[in-house]
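Participant: Got a structure for you, questions after.
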Amino acid sequence: MKLCGKFICPVCRKSLVYSIIDNVDFVGEGVSIFAFSCECGFKGVDIFPEKQHGPRTLTFKVNGDKDLNVLVARSSTSTVIIPELPLEIKPGPASQGIITTVEGILLRAKDVFGKRTIKVNDLLLKKKFTLIIHDPKGTSAIDSPRVKISAVNDKNPFKA
């Protein structure tokens, strides 16, 4: 990945410090990780796969301790759904891509949605729930052979 020019912080207008890690192997495919930060506290990260798959939905049935450690790459444009909470995290203008674990997704949800903390703790104890990622660019991934991947026809959003 080549970058041209200087990156300016949208908050304070100073130069951003950025780093790029190319060709990280993830779920059998390469991704690049782009991270940036500023002394004012503004920061971000996103992932860019070498290959995009088009709109798709990833569904993973979590069933036990081992599944909490499964790696998840969520792109900045994807929506995360956990129906059992019910929880839907939609991307916003400051949304960032992340590489974390299934448990990491739950812990982030716990931080963001404090009133649902009891339900998140319950899911962490039971270790049985569904993680769904709707990704319009097809760049998210879940590192498990049990993940169900459904292509989404972008002309008809109701067809999966």
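FYI, nothing fancy with the structure tokens labels: chains A, B, ... in order, residues from 1 per chain, ligands from 1 as they appear.
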Sort by chain and increasing residue number a table of all residues of range 112-153 of chain A within 10 Å of range 73-87 of chain A, each with its closest pair of atoms and their distance in Å to one decimal, counting only C-alpha atoms, and write it as a Markdown table.
Facilitator:
| residue | atom | partner | partner_atom | distance |
| --- | --- | --- | --- | --- |
| A:Phe113 | CA | A:Leu87 | CA | 9.0 |
| A:Arg116 | CA | A:Leu85 | CA | 7.6 |
| A:Thr117 | CA | A:Leu85 | CA | 9.8 |
| A:Ile118 | CA | A:Leu85 | CA | 9.9 |
| A:Lys119 | CA | A:Leu85 | CA | 6.3 |
| A:Val120 | CA | A:Leu85 | CA | 7.2 |
| A:Asp122 | CA | A:Leu85 | CA | 9.6 |
| A:Leu123 | CA | A:Glu84 | CA | 8.3 |
| A:Lys128 | CA | A:Glu84 | CA | 9.2 |
| A:Phe129 | CA | A:Glu84 | CA | 6.3 |
| A:Thr130 | CA | A:Ile82 | CA | 5.8 |
| A:Leu131 | CA | A:Ile82 | CA | 5.2 |
| A:Ile132 | CA | A:Ile81 | CA | 5.0 |
| A:Ile133 | CA | A:Val80 | CA | 4.7 |
| A:His134 | CA | A:Thr79 | CA | 5.1 |
| A:Asp135 | CA | A:Ser78 | CA | 4.3 |
| A:Pro136 | CA | A:Ser78 | CA | 6.6 |
| A:Lys137 | CA | A:Thr77 | CA | 7.3 |
| A:Gly138 | CA | A:Ser75 | CA | 8.5 |
| A:Thr139 | CA | A:Ser75 | CA | 6.0 |
| A:Ser140 | CA | A:Arg74 | CA | 4.7 |
| A:Ala141 | CA | A:Ala73 | CA | 5.1 |
| A:Ile142 | CA | A:Ala73 | CA | 6.4 |
| A:Asp143 | CA | A:Ala73 | CA | 8.4 |
Participant: Include N, CA and C atoms and write out the residues we just selected as a compact mmCIF listing (two decimals), in the first residue's frame.
Facilitator:
# COMPACT_ATOMS: atom_id res chain seq x y z
N PHE A 113 -22.45 -0.04 25.91
CA PHE A 113 -23.84 -0.15 26.32
C PHE A 113 -23.93 -0.60 27.77
N ARG A 116 -26.72 -2.69 29.44
CA ARG A 116 -26.89 -4.10 29.05
C ARG A 116 -25.79 -4.97 29.64
N THR A 117 -25.03 -4.43 30.57
CA THR A 117 -23.90 -5.14 31.16
C THR A 117 -24.32 -6.49 31.74
N ILE A 118 -25.46 -6.54 32.42
CA ILE A 118 -25.92 -7.80 33.03
C ILE A 118 -26.15 -8.84 31.95
N LYS A 119 -26.77 -8.44 30.83
CA LYS A 119 -27.01 -9.40 29.74
C LYS A 119 -25.70 -9.84 29.10
N VAL A 120 -24.73 -8.93 28.92
CA VAL A 120 -23.44 -9.30 28.36
C VAL A 120 -22.73 -10.28 29.29
N ASP A 122 -24.08 -12.33 31.31
CA ASP A 122 -24.82 -13.60 31.19
C ASP A 122 -24.36 -14.38 29.96
N LEU A 123 -24.18 -13.68 28.83
CA LEU A 123 -23.71 -14.35 27.61
C LEU A 123 -22.28 -14.86 27.80
N LYS A 128 -23.11 -19.06 24.83
CA LYS A 128 -23.95 -19.50 23.72
C LYS A 128 -24.74 -18.31 23.21
N PHE A 129 -24.37 -17.85 22.00
CA PHE A 129 -25.07 -16.75 21.36
C PHE A 129 -24.67 -16.71 19.89
N THR A 130 -25.27 -15.79 19.15
CA THR A 130 -25.00 -15.66 17.72
C THR A 130 -24.35 -14.32 17.45
N LEU A 131 -23.26 -14.33 16.70
CA LEU A 131 -22.59 -13.11 16.26
C LEU A 131 -22.83 -12.98 14.77
N ILE A 132 -23.42 -11.86 14.36
CA ILE A 132 -23.72 -11.61 12.95
C ILE A 132 -23.01 -10.33 12.54
N ILE A 133 -22.34 -10.36 11.40
CA ILE A 133 -21.71 -9.16 10.84
C ILE A 133 -22.25 -8.96 9.43
N HIS A 134 -22.94 -7.84 9.22
CA HIS A 134 -23.38 -7.43 7.89
C HIS A 134 -22.31 -6.49 7.34
N ASP A 135 -21.72 -6.84 6.22
CA ASP A 135 -20.62 -6.04 5.68
C ASP A 135 -20.87 -5.70 4.22
N PRO A 136 -21.17 -4.43 3.91
CA PRO A 136 -21.47 -4.05 2.53
C PRO A 136 -20.28 -4.14 1.59
N LYS A 137 -19.06 -4.12 2.12
CA LYS A 137 -17.87 -4.22 1.28
C LYS A 137 -17.27 -5.62 1.27
N GLY A 138 -17.72 -6.47 2.18
CA GLY A 138 -17.23 -7.84 2.22
C GLY A 138 -15.81 -7.97 2.73
N THR A 139 -15.38 -7.07 3.59
CA THR A 139 -14.00 -7.10 4.06
C THR A 139 -13.84 -7.64 5.48
N SER A 140 -14.94 -7.92 6.16
CA SER A 140 -14.87 -8.50 7.51
C SER A 140 -14.67 -10.00 7.43
N ALA A 141 -14.18 -10.58 8.53
CA ALA A 141 -13.95 -12.03 8.56
C ALA A 141 -14.05 -12.55 9.98
N ILE A 142 -14.42 -13.82 10.11
CA ILE A 142 -14.41 -14.54 11.39
C ILE A 142 -13.60 -15.80 11.16
N ASP A 143 -12.58 -16.03 11.95
CA ASP A 143 -11.62 -17.11 11.73
C ASP A 143 -12.10 -18.43 12.32
Participant: Using backbone DSSP assignments, extract all alpha helix (DSSP H) residues from range 8-140 of chain A; output them as an mmCIF file with C-alpha atoms, in the first residue's frame.
Facilitator:
data_model
loop_
_atom_site.group_PDB
_atom_site.id
_atom_site.type_symbol
_atom_site.label_atom_id
_atom_site.label_comp_id
_atom_site.auth_asym_id
_atom_site.auth_seq_id
_atom_site.Cartn_x
_atom_site.Cartn_y
_atom_site.Cartn_z
ATOM 1 C CA ASP A 65 -15.064 -21.275 25.778
ATOM 2 C CA LYS A 66 -12.975 -21.913 22.661
ATOM 3 C CA ASP A 67 -15.351 -19.884 20.502
ATOM 4 C CA LEU A 68 -14.789 -16.790 22.659
ATOM 5 C CA VAL A 102 -15.496 -12.823 19.859
ATOM 6 C CA GLU A 103 -15.080 -12.082 23.565
ATOM 7 C CA GLY A 104 -13.533 -8.718 22.639
ATOM 8 C CA ILE A 105 -16.695 -7.813 20.690
ATOM 9 C CA LEU A 106 -18.783 -8.561 23.807
ATOM 10 C CA LEU A 107 -16.468 -6.580 26.089
ATOM 11 C CA ARG A 108 -16.627 -3.573 23.741
ATOM 12 C CA ALA A 109 -20.406 -3.855 23.754
ATOM 13 C CA LYS A 110 -20.306 -3.904 27.556
ATOM 14 C CA ASP A 111 -18.247 -0.694 27.602
ATOM 15 C CA VAL A 112 -20.480 1.104 25.115
ATOM 16 C CA THR A 117 -23.902 -5.145 31.162
ATOM 17 C CA ILE A 118 -25.918 -7.799 33.026
ATOM 18 C CA LYS A 119 -27.008 -9.395 29.737
ATOM 19 C CA VAL A 120 -23.436 -9.298 28.358
ATOM 20 C CA ASN A 121 -22.115 -10.926 31.552
ATOM 21 C CA ASP A 122 -24.818 -13.596 31.191
ATOM 22 C CA LEU A 123 -23.711 -14.346 27.606
ATOM 23 C CA LEU A 124 -20.087 -14.539 28.740
ATOM 24 C CA LEU A 125 -21.083 -17.116 31.369
ATOM 25 C CA LYS A 126 -23.329 -19.191 29.097
#
Participant: For Gln96 in chain A, which residue out of A:Asp46, A:Gly41, A:Lys14, A:Phe7 is the nearest one, using only C-alpha atoms?
Facilitator: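 Comparing A:Asp46, A:Gly41, A:Lys14, A:Phe7 against Gln96 in chain A, the winner is A:Asp46.
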Participant: Using only C-alpha atoms for the distances, tell me which of A:Gly30, A:Gly97, A:Ile20, A:Phe42 is nearest to Ile8 in chain A.
Facilitator: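 Among the listed residues, A:Phe42 lies closest to Ile8 in chain A.
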Participant: DSSP says strand (DSSP E) for which residues of range 6-80 of chain A? Put them as a PyMOL selection string?
Facilitator: chain A and resi 17-26+29-37+43-49+56-63+71-74+79-80
Participant: One decimal, Å: what's the distance from CA of Lys90 in chain A over to CA of Ser15 in chain A, could you say?
Facilitator: 28.9 Å
Participant: Which one is closest to Ser37 in chain A: A:Leu58, A:Cys9, A:Ile98, A:Ile21? Count only C-alpha atoms.
Facilitator: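 Counting only C-alpha atoms, the residue closest to Ser37 in chain A is A:Cys9.
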Participant: If we count only C-alpha atoms, what is near Phe48 in chain A at a cut-off of 7 Å, once residues fewer than 4 positions away on the same chain are taken out, given as a PyMOL selection string?
Facilitator: chain A and resi 31-33
Participant: Using C-alpha atoms, can you export the residues from the last selection as a short mmCIF file (atom, residue, chain, number, x, y, z; two decimals), in the first residue's frame?
Facilitator:
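Result written to out_2.cif:
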data_model
loop_
_atom_site.label_atom_id
_atom_site.label_comp_id
_atom_site.auth_asym_id
_atom_site.auth_seq_id
_atom_site.Cartn_x
_atom_site.Cartn_y
_atom_site.Cartn_z
CA VAL A 31 -4.83 -7.72 5.06
CA SER A 32 -3.12 -4.39 5.64
CA ILE A 33 -3.64 -2.49 8.86
#
Participant: Have a look at A:Ser19, A:Asn69, A:Ser150, A:Ser144 and name the one nearest to Arg56 in chain A; count only C-alpha atoms.
Facilitator: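 So, comparing all the options, the nearest one is A:Ser150.
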Participant: Considering only C-alpha atoms, can you say which of A:Ile99, A:Ala94, A:Val152, A:Ala35 comes closest to Val70 in chain A?
Facilitator: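 Using only C-alpha atoms, Val70 in chain A sits closest to A:Ile99.
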Participant: Find the residues around Tyr18 in chain A up to 10 Å (only C-alpha atoms counted), leave out those fewer than 5 positions away in its own chain, and share them as a PyMOL selection string.
Facilitator: chain A and resi 6-7+34-38+43-45
